[in-house]
$ cat model.cif   # mmCIF, C-alpha atoms
data_query
#
loop_
_atom_site.label_atom_id
_atom_site.label_comp_id
_atom_site.auth_asym_id
_atom_site.auth_seq_id
_atom_site.Cartn_x
_atom_site.Cartn_y
_atom_site.Cartn_z
CA MET A 1 126.69 45.58 -88.53
CA ALA A 2 127.15 41.90 -88.03
CA SER A 3 126.62 42.28 -84.31
CA LEU A 4 123.44 44.25 -84.86
CA ALA A 5 122.13 41.62 -87.21
CA GLN A 6 122.94 38.99 -84.68
CA GLN A 7 121.05 40.84 -81.99
CA VAL A 8 117.99 41.23 -84.20
CA ALA A 9 118.16 37.63 -85.18
CA GLY A 10 118.21 36.65 -81.53
CA LEU A 11 114.75 38.14 -80.85
CA ARG A 12 111.93 35.59 -80.67
CA CYS A 13 108.16 36.10 -80.67
CA ALA A 14 105.40 33.71 -79.68
CA PRO A 15 103.64 32.05 -82.54
CA VAL A 16 100.60 33.89 -83.73
CA SER A 17 98.54 30.75 -83.51
CA ASN A 18 99.03 30.54 -79.67
CA THR A 19 97.58 34.01 -78.83
CA ARG A 20 93.93 34.97 -78.27
CA LEU A 21 93.93 36.86 -81.50
CA SER A 22 94.72 33.65 -83.31
CA LYS A 23 91.39 32.10 -82.15
CA PRO A 24 88.47 32.47 -84.60
CA PHE A 25 85.40 34.60 -83.45
CA SER A 26 82.44 32.59 -82.16
CA PRO A 27 79.02 34.40 -81.81
CA LYS A 28 77.61 31.61 -79.59
CA GLN A 29 80.23 32.18 -76.93
CA ASN A 30 79.38 35.90 -76.73
CA GLN A 31 75.63 35.10 -76.51
CA LYS A 32 76.20 32.73 -73.56
CA ARG A 33 78.19 35.41 -71.74
CA ASN A 34 75.31 37.95 -72.08
CA LEU A 35 72.62 35.52 -70.77
CA VAL A 36 74.18 35.09 -67.25
CA PRO A 37 73.24 38.53 -65.74
CA VAL A 38 69.76 38.43 -67.26
CA VAL A 39 68.95 35.13 -65.57
CA ALA A 40 70.25 36.44 -62.19
CA ALA A 41 68.07 39.59 -62.38
CA VAL A 42 64.96 37.53 -63.06
CA ALA A 43 65.71 35.33 -60.03
CA ILE A 44 66.10 38.35 -57.70
CA SER A 45 62.90 39.91 -59.00
CA ASN A 46 60.96 36.73 -58.30
CA ALA A 47 62.34 36.52 -54.70
CA GLN A 48 61.34 40.13 -53.92
CA THR A 49 57.87 39.55 -55.29
CA LYS A 50 57.43 36.53 -53.07
CA GLU A 51 58.62 38.53 -50.03
CA ARG A 52 56.16 41.32 -50.78
CA ILE A 53 53.31 38.84 -51.15
CA LYS A 54 54.26 37.24 -47.85
CA LEU A 55 54.33 40.61 -46.01
CA LYS A 56 50.97 41.58 -47.55
CA GLU A 57 49.44 38.34 -46.30
CA MET A 58 50.86 39.00 -42.81
CA PHE A 59 49.43 42.54 -42.71
CA GLU A 60 46.07 41.31 -43.92
CA GLN A 61 46.02 38.63 -41.22
CA ALA A 62 46.98 41.18 -38.54
CA TYR A 63 44.29 43.58 -39.74
CA GLU A 64 41.69 40.83 -39.61
CA ARG A 65 42.72 39.90 -36.04
CA CYS A 66 42.51 43.52 -34.91
CA ARG A 67 39.09 43.84 -36.50
CA THR A 68 37.57 40.62 -35.25
CA ALA A 69 39.51 39.77 -32.04
CA PRO A 70 41.61 42.75 -30.90
CA MET A 71 42.34 41.35 -27.39
CA GLU A 72 43.37 37.87 -28.51
CA GLY A 73 46.88 37.00 -27.40
CA LEU A 74 47.29 40.02 -25.02
CA SER A 75 48.48 39.40 -21.46
CA PHE A 76 46.29 42.17 -19.91
CA THR A 77 42.69 43.27 -20.25
CA VAL A 78 41.12 46.63 -21.08
CA GLU A 79 40.59 47.20 -17.37
CA ASP A 80 44.31 46.67 -16.77
CA PHE A 81 45.08 49.17 -19.49
CA HIS A 82 42.82 51.85 -17.98
CA SER A 83 44.25 51.16 -14.54
CA ALA A 84 47.75 51.72 -15.89
CA LEU A 85 46.64 55.02 -17.43
CA ASP A 86 45.06 56.14 -14.16
CA LYS A 87 48.37 55.60 -12.43
CA TYR A 88 49.93 58.35 -14.51
CA ASP A 89 46.87 60.60 -14.56
CA PHE A 90 46.80 63.56 -12.12
CA ASN A 91 44.74 66.63 -11.39
CA SER A 92 46.17 69.59 -13.29
CA GLU A 93 43.99 72.23 -11.61
CA ILE A 94 45.61 75.32 -10.11
CA GLY A 95 46.60 74.70 -6.51
CA THR A 96 47.23 70.98 -6.99
CA LYS A 97 50.44 69.62 -5.49
CA VAL A 98 52.53 67.39 -7.75
CA THR A 99 55.83 65.56 -7.49
CA GLY A 100 58.39 66.18 -10.21
CA THR A 101 62.02 65.82 -11.20
CA VAL A 102 64.13 68.66 -12.60
CA PHE A 103 65.87 67.65 -15.84
CA CYS A 104 67.00 70.99 -17.30
CA THR A 105 67.84 74.46 -15.90
CA ASP A 106 68.63 77.86 -17.38
CA THR A 107 68.84 81.48 -16.24
CA ASN A 108 65.06 81.86 -16.31
CA GLY A 109 64.05 78.72 -14.42
CA ALA A 110 63.88 74.94 -14.70
CA LEU A 111 62.02 72.27 -16.67
CA VAL A 112 60.35 69.68 -14.47
CA ASP A 113 59.07 66.22 -15.43
CA ILE A 114 55.75 65.63 -13.65
CA THR A 115 54.75 62.61 -15.83
CA ALA A 116 52.29 64.76 -17.77
CA LYS A 117 51.84 64.95 -21.54
CA SER A 118 54.40 67.76 -21.58
CA SER A 119 57.05 69.03 -19.18
CA ALA A 120 56.20 71.72 -16.62
CA TYR A 121 58.15 74.95 -16.04
CA LEU A 122 59.39 76.45 -12.78
CA PRO A 123 60.24 80.19 -13.17
CA VAL A 124 63.22 81.41 -11.17
CA GLN A 125 61.05 83.84 -9.18
CA GLU A 126 58.89 80.90 -8.05
CA ALA A 127 61.82 78.70 -7.00
CA CYS A 128 62.41 80.21 -3.56
CA ILE A 129 60.75 82.42 -0.96
CA HIS A 130 63.90 84.55 -1.00
CA LYS A 131 65.08 86.54 -4.02
CA ILE A 132 67.59 84.58 -6.15
CA LYS A 133 69.20 85.00 -9.56
CA HIS A 134 69.47 81.34 -10.58
CA VAL A 135 67.60 78.22 -9.49
CA GLU A 136 70.88 76.41 -8.79
CA GLU A 137 71.43 78.77 -5.82
CA VAL A 138 68.81 76.76 -3.93
CA GLY A 139 69.99 73.33 -5.12
CA MET A 140 67.63 73.13 -8.10
CA VAL A 141 69.84 71.04 -10.41
CA PRO A 142 69.03 68.24 -12.87
CA GLY A 143 67.98 65.21 -10.86
CA PHE A 144 66.43 67.22 -8.02
CA LYS A 145 63.12 65.64 -7.00
CA GLY A 146 60.56 67.42 -4.88
CA GLU A 147 57.01 68.61 -4.41
CA PHE A 148 55.62 71.58 -6.34
CA VAL A 149 52.26 73.31 -6.69
CA ILE A 150 50.55 74.21 -9.97
CA ILE A 151 49.95 77.97 -10.23
CA GLY A 152 49.09 78.41 -13.91
CA GLU A 153 49.22 77.21 -17.51
CA ASN A 154 51.19 78.42 -20.51
CA GLU A 155 48.62 78.94 -23.29
CA ALA A 156 51.27 78.76 -26.00
CA ASP A 157 52.08 75.07 -25.50
CA ASP A 158 49.60 73.99 -22.79
CA SER A 159 52.46 73.35 -20.36
CA LEU A 160 51.93 73.85 -16.63
CA ILE A 161 53.65 76.51 -14.51
CA LEU A 162 54.92 75.35 -11.11
CA SER A 163 55.91 77.05 -7.87
CA LEU A 164 58.00 76.05 -4.88
CA ARG A 165 57.72 79.52 -3.35
CA SER A 166 54.00 79.10 -2.58
CA LEU A 167 54.67 75.94 -0.59
CA GLN A 168 57.45 77.69 1.32
CA TYR A 169 55.10 80.58 2.15
CA ASP A 170 52.58 78.15 3.62
CA LEU A 171 55.30 76.57 5.74
CA ALA A 172 56.56 80.02 6.85
CA TRP A 173 53.11 81.08 8.07
CA GLU A 174 52.69 77.77 9.87
CA ARG A 175 56.09 78.26 11.52
CA CYS A 176 55.12 81.79 12.66
CA ARG A 177 51.88 80.50 14.19
CA GLN A 178 53.86 77.85 16.04
CA LEU A 179 56.38 80.41 17.35
CA GLN A 180 53.56 82.69 18.48
CA ALA A 181 51.93 79.81 20.37
CA GLU A 182 55.27 79.11 22.05
CA ASP A 183 55.68 82.84 22.88
CA ALA A 184 59.19 82.56 21.42
CA VAL A 185 61.68 85.35 20.80
CA VAL A 186 63.05 85.45 17.24
CA LYS A 187 65.56 87.56 15.34
CA GLY A 188 64.33 89.78 12.51
CA LYS A 189 66.35 91.84 10.05
CA ILE A 190 65.12 95.38 9.43
CA VAL A 191 64.74 95.88 5.66
CA GLY A 192 62.61 99.03 5.45
CA GLY A 193 60.41 101.48 7.30
CA ASN A 194 57.91 104.31 7.22
CA ARG A 195 56.48 106.92 9.55
CA GLY A 196 54.67 104.33 11.65
CA GLY A 197 57.43 101.79 12.16
CA VAL A 198 59.88 99.42 10.47
CA VAL A 199 59.62 96.30 8.32
CA ALA A 200 61.40 93.18 9.56
CA LEU A 201 62.19 90.05 7.56
CA LEU A 202 61.94 86.71 9.36
CA GLU A 203 61.12 83.17 8.23
CA GLY A 204 61.01 84.63 4.70
CA LEU A 205 58.01 86.85 5.57
CA ARG A 206 57.80 90.61 6.04
CA GLY A 207 56.45 91.75 9.39
CA PHE A 208 55.67 95.22 10.72
CA VAL A 209 57.10 96.58 13.96
CA PRO A 210 55.37 99.80 15.10
CA PHE A 211 57.62 102.40 16.71
CA SER A 212 55.49 102.06 19.83
CA GLN A 213 56.70 98.44 20.04
CA ILE A 214 60.41 99.31 19.83
CA SER A 215 62.10 99.47 23.22
CA THR A 216 64.38 102.43 22.45
CA LYS A 217 63.69 105.71 20.72
CA THR A 218 65.22 105.53 17.27
CA THR A 219 64.52 106.06 13.57
CA ALA A 220 64.01 103.63 10.72
CA GLU A 221 67.28 104.75 9.10
CA GLU A 222 69.23 103.89 12.25
CA LEU A 223 67.72 100.42 12.41
CA LEU A 224 68.12 99.55 8.71
CA ASN A 225 69.96 96.23 8.14
CA LYS A 226 70.14 95.58 11.89
CA GLU A 227 68.71 92.53 13.65
CA LEU A 228 66.23 93.00 16.47
CA PRO A 229 64.84 90.47 18.95
CA LEU A 230 61.10 90.24 18.29
CA LYS A 231 57.95 88.54 19.53
CA PHE A 232 54.75 87.91 17.62
CA VAL A 233 51.73 90.12 18.34
CA GLU A 234 49.46 89.10 15.46
CA VAL A 235 49.77 86.34 12.85
CA ASP A 236 46.95 86.44 10.27
CA GLU A 237 47.71 84.61 7.04
CA GLU A 238 44.34 85.38 5.45
CA GLN A 239 44.84 89.14 5.88
CA SER A 240 48.62 88.89 5.33
CA ARG A 241 49.13 90.65 8.66
CA LEU A 242 52.27 89.96 10.66
CA ILE A 243 52.70 92.36 13.61
CA LEU A 244 55.80 92.11 15.79
CA SER A 245 57.09 93.67 18.99
CA ASN A 246 60.63 94.40 20.08
CA ARG A 247 59.44 95.79 23.40
CA LYS A 248 57.85 92.47 24.40
CA ALA A 249 60.96 90.54 23.41
CA MET A 250 63.23 92.77 25.47
CA ALA A 251 60.88 92.70 28.46
CA ASP A 252 60.84 88.91 28.23
CA SER A 253 64.65 88.81 28.30
CA GLN A 254 64.62 90.91 31.47
CA ALA A 255 61.86 88.84 33.05
CA GLN A 256 64.31 86.07 33.87
CA LEU A 257 65.93 88.43 36.39
CA GLY A 258 62.73 88.46 38.41
CA ILE A 259 61.24 90.98 40.76
CA GLY A 260 63.84 92.32 43.19
CA SER A 261 66.78 91.95 40.79
CA VAL A 262 69.27 94.81 40.53
CA VAL A 263 70.29 95.98 37.06
CA ILE A 264 72.39 98.83 35.68
CA GLY A 265 70.58 101.34 33.51
CA THR A 266 71.03 104.66 31.75
CA VAL A 267 68.66 107.61 32.02
CA GLN A 268 67.11 108.18 28.59
CA SER A 269 64.65 110.98 29.25
CA LEU A 270 62.85 112.84 32.02
CA LYS A 271 59.12 113.37 32.34
CA PRO A 272 57.05 115.15 35.02
CA TYR A 273 55.89 111.75 36.28
CA GLY A 274 59.26 109.97 36.24
CA ALA A 275 62.37 108.96 34.31
CA PHE A 276 62.75 106.42 31.51
CA ILE A 277 65.72 104.14 32.12
CA ASP A 278 67.32 101.94 29.44
CA ILE A 279 68.20 98.58 31.01
CA GLY A 280 69.86 96.53 28.28
CA GLY A 281 67.55 97.53 25.45
CA VAL A 282 64.37 97.78 27.54
CA ASN A 283 62.92 101.11 28.59
CA GLY A 284 61.82 100.90 32.21
CA LEU A 285 59.93 103.59 34.09
CA LEU A 286 61.34 104.94 37.35
CA HIS A 287 58.26 106.68 38.70
CA VAL A 288 58.80 109.83 40.70
CA SER A 289 57.28 108.12 43.74
CA GLN A 290 59.89 105.32 43.48
CA ILE A 291 62.99 107.52 43.40
CA SER A 292 63.27 108.13 47.14
CA HIS A 293 61.37 107.84 50.41
CA ASP A 294 61.65 111.61 50.63
CA ARG A 295 59.48 113.70 48.36
CA VAL A 296 61.08 114.63 45.01
CA SER A 297 59.61 117.88 43.72
CA ASP A 298 61.89 118.17 40.67
CA ILE A 299 63.34 115.03 39.06
CA ALA A 300 66.06 117.05 37.34
CA THR A 301 67.64 117.78 40.72
CA VAL A 302 68.26 114.06 41.20
CA LEU A 303 68.70 112.62 37.70
CA GLN A 304 69.90 113.82 34.30
CA PRO A 305 69.74 112.15 30.85
CA GLY A 306 72.86 110.03 30.38
CA ASP A 307 73.31 109.25 34.08
CA THR A 308 74.20 105.63 34.92
CA LEU A 309 72.57 104.16 37.99
CA LYS A 310 71.51 100.95 39.67
CA VAL A 311 67.79 100.23 39.83
CA MET A 312 65.70 97.37 41.15
CA ILE A 313 63.01 95.68 39.06
CA LEU A 314 59.77 96.30 40.89
CA SER A 315 57.35 94.71 38.36
CA HIS A 316 57.02 93.93 34.67
CA ASP A 317 54.04 93.69 32.34
CA ARG A 318 54.86 91.17 29.61
CA GLU A 319 51.74 91.87 27.61
CA ARG A 320 52.43 95.59 27.37
CA GLY A 321 56.22 95.24 27.45
CA ARG A 322 56.64 97.59 30.41
CA VAL A 323 59.03 97.38 33.37
CA SER A 324 58.63 99.32 36.61
CA LEU A 325 61.82 100.28 38.46
CA SER A 326 62.73 101.57 41.89
CA THR A 327 65.68 103.19 43.67
CA LYS A 328 63.52 103.90 46.71
CA LYS A 329 63.72 100.24 47.79
CA LEU A 330 67.52 100.40 47.63
CA GLU A 331 67.94 103.28 50.08
CA PRO A 332 69.69 102.22 53.31
CA THR A 333 67.94 105.12 55.02
CA PRO A 334 65.11 107.30 53.67
CA GLY A 335 66.34 110.16 51.50
CA ASP A 336 69.76 108.63 50.63
CA MET A 337 68.94 108.77 46.91
CA ILE A 338 68.71 112.56 47.16
CA ARG A 339 71.56 113.19 49.59
CA ASN A 340 74.03 110.37 48.80
CA PRO A 341 73.18 108.31 45.67
CA GLU A 342 76.66 106.69 45.67
CA LEU A 343 75.83 105.01 48.96
CA VAL A 344 72.58 103.72 47.47
CA PHE A 345 74.40 102.14 44.51
CA GLU A 346 77.07 100.68 46.82
CA LYS A 347 74.49 98.99 49.04
CA ALA A 348 72.09 98.13 46.19
CA GLU A 349 72.59 94.34 46.17
CA GLU A 350 72.44 94.14 49.94
CA MET A 351 69.20 96.15 50.14
CA ALA A 352 67.70 94.18 47.26
CA GLN A 353 68.42 90.93 49.10
CA THR A 354 66.65 92.28 52.16
CA PHE A 355 63.71 93.30 50.00
CA ARG A 356 63.47 89.82 48.44
CA GLN A 357 63.56 88.20 51.86
CA ARG A 358 60.70 90.39 53.05
CA ILE A 359 58.72 89.52 49.92
CA ALA A 360 59.32 85.78 50.43
CA GLN A 361 58.32 86.02 54.08
CA ALA A 362 55.16 87.94 53.21
CA GLU A 363 54.21 85.34 50.62
CA ALA A 364 54.79 82.53 53.12
CA MET A 365 52.59 84.28 55.68
CA ALA A 366 49.86 84.75 53.09
CA ARG A 367 49.91 81.06 52.24
CA ALA A 368 49.86 80.15 55.90
CA ASP A 369 46.85 82.40 56.52
CA MET A 370 45.00 80.57 53.78
CA LEU A 371 45.83 77.22 55.36
CA ARG A 372 44.54 78.33 58.76
CA PHE A 373 41.01 78.05 57.41
CA GLN A 374 41.68 74.80 55.52
CA PRO A 375 42.23 72.11 58.19
CA GLU A 376 41.76 69.40 55.56
CA SER A 377 45.20 70.29 54.21
CA GLY A 378 46.79 68.92 57.40
CA LEU A 379 49.06 71.99 57.78
CA THR A 380 48.99 75.02 60.04
CA LEU A 381 51.24 77.79 61.29
CA SER A 382 52.62 77.43 64.79
CA ALA A 383 52.93 80.26 67.33
CA ASP A 384 56.57 80.64 66.26
CA GLY A 385 55.57 81.24 62.65
CA ILE A 386 56.68 77.78 61.46
CA LEU A 387 54.49 75.94 58.96
CA GLY A 388 53.92 72.37 60.10
CA PRO A 389 51.39 69.58 60.74
CA LEU A 390 47.99 70.40 62.15
CA THR A 391 48.06 70.76 65.98
CA THR A 392 45.43 70.66 68.67
CA GLU A 393 45.53 74.45 68.80
CA LEU A 394 43.21 74.54 65.78
CA PRO A 395 39.89 72.62 65.87
CA ALA A 396 39.64 69.88 63.29
CA GLU A 397 36.29 71.24 62.12
CA GLY A 398 37.85 74.68 61.50
CA LEU A 399 37.06 78.05 62.99
CA ASP A 400 33.55 79.34 63.66
CA LEU A 401 33.48 82.92 62.38
CA SER A 402 29.77 83.45 62.87
CA ASP A 403 30.22 85.30 66.17
CA ILE A 404 32.78 87.75 64.82
CA PRO A 405 31.13 91.20 64.47
CA PRO A 406 31.45 92.91 61.08
CA ALA A 407 34.09 95.58 60.65
CA GLU A 408 32.92 99.16 61.04
CA ASP A 409 33.87 101.92 58.65
CA SER A 410 36.24 104.38 60.27
#

$ encode --input "model.cif" --output "structure tokens"
Amino acid sequence: MASLAQQVAGLRCAPVSNTRLSKPFSPKQNQKRNLVPVVAAVAISNAQTKERIKLKEMFEQAYERCRTAPMEGLSFTVEDFHSALDKYDFNSEIGTKVTGTVFCTDTNGALVDITAKSSAYLPVQEACIHKIKHVEEVGMVPGFKGEFVIIGENEADDSLILSLRSLQYDLAWERCRQLQAEDAVVKGKIVGGNRGGVVALLEGLRGFVPFSQISTKTTAEELLNKELPLKFVEVDEEQSRLILSNRKAMADSQAQLGIGSVVIGTVQSLKPYGAFIDIGGVNGLLHVSQISHDRVSDIATVLQPGDTLKVMILSHDRERGRVSLSTKKLEPTPGDMIRNPELVFEKAEEMAQTFRQRIAQAEAMARADMLRFQPESGLTLSADGILGPLTTELPAEGLDLSDIPPAEDS
């Protein structure tokens, strides 16, 4: 117990007079404490009012300047302003060409910025002359810049509809006209057909090839998805007519061989007037009179469809795509084509060379005959058949043909 009393006695507390509770209550101190926030609020309110008054005065001054002197203080005039607007103004009529930049693409097409009041739209079917599924297949990605043509307007939002395909069509027709003028041979892929011929795709355009202009007898089904060498017959953009010929193209490829050239061919069919020979895709006619020097009464006794033989090119008509052939000129002796055709084919190149030499000599003689009556050329043909300078054998004033009697009819 004593220890407990000692412990209790050892506890000490601060005097009551030293604590806050010992201080007497003063109403004036509490009143001063409440006045501080009220004074601060009044000061803030006065500052905001002054700011509002200042802004009002600024707006009123700006309004007065706009009303009385709207151009005061500006660095450009009204004319400059209109000129700047004209720079971004363009003709939005259908058919107008514009320059734009693609900034967004989707599965249906692309949005194009043409500096108009709203963006223009390029449908996927108008993005290329060929059929595509997405504009990105032809490099139409955000950032692509190019030339387009306006083909319509979307009534829903007044946006313009663009086309790249129309421009490509114009270029394709121009290219076809150029190729026709150059008489060029082009490759066309057969994509369809009907009873009259086949449809070929070239330069992105569809052209028609009549069966009469195909060098070999065939059907549209057999030619489908194949490529044929073609030449242009008619190019009419206004009528959308593009007529092509395979026969002309093949005849042109054979023309480089020249008259007198020997080629290998295959008998395709027999007719009473001759045989049609396929010489590398071109159907040439071996007329019955050009088979042999001896008379051929029945072609089937000499040739059969499928036979392979050597023939000489006698002539070719590029316009009509026809080639005339001969085995008669290759006979070492008359009648060999009937009795011994193997000998004819063996000696074909040799006989063709002889034929070409005779043709060249005949042409030289014809030119010389023309020069005989043109002493001003300074050339003449000597007694030995050599073309050389004018000699004393021929009068300088030419020949007097007035005394030569006219030819009599026999």

$ residues_around --input "model.cif" --residues "Asp183 (chain A)" --least-positions-apart "5" --cutoff "9 Å" --atoms "only C-alpha atoms" --output "NGL selection string"
:A and (178 or 231-232)

$ atom_distance --input "model.cif" --atom1 "CA of Leu224 (chain A)" --atom2 "CA of Gly188 (chain A)"
11.1 Å

$ closest_residue --input "model.cif" --among "A:Ser261, A:Arg322, A:Ala172, A:Pro272" --to "Glu349 (chain A)" --atoms "only C-alpha atoms"
A:Ser261

$ residues_near_point --input "model.cif" --point "(73.7, 93.2, 39.2)" --cutoff "12 Å" --atoms "all atoms listed in the file" --output "PyMOL selection string"
chain A and resi 257-258+260-265+279+309-313+345-350+352-353

$ closest_residue --input "model.cif" --among "A:Gln268, A:Ile129, A:Pro123, A:Lys97" --to "Asn154 (chain A)" --atoms "all atoms listed in the file"
A:Pro123

$ resolve_selection --input "model.cif" --expression "the PyMOL selection byres ((chain A and resi 273) around 9)" --output "list in words"
Leu270, Lys271, Pro272, Gly274, Ala275, Leu286, His287, Val288, Ser289 and Ile299 of chain A

$ atom_distance --input "model.cif" --atom1 "CA of Asp157 (chain A)" --atom2 "CA of Cys128 (chain A)"
24.8 Å

$ closest_residue --input "model.cif" --among "A:Ile338, A:Thr333, A:Glu153, A:His316" --to "Ala300 (chain A)" --atoms "all atoms listed in the file"
A:Ile338
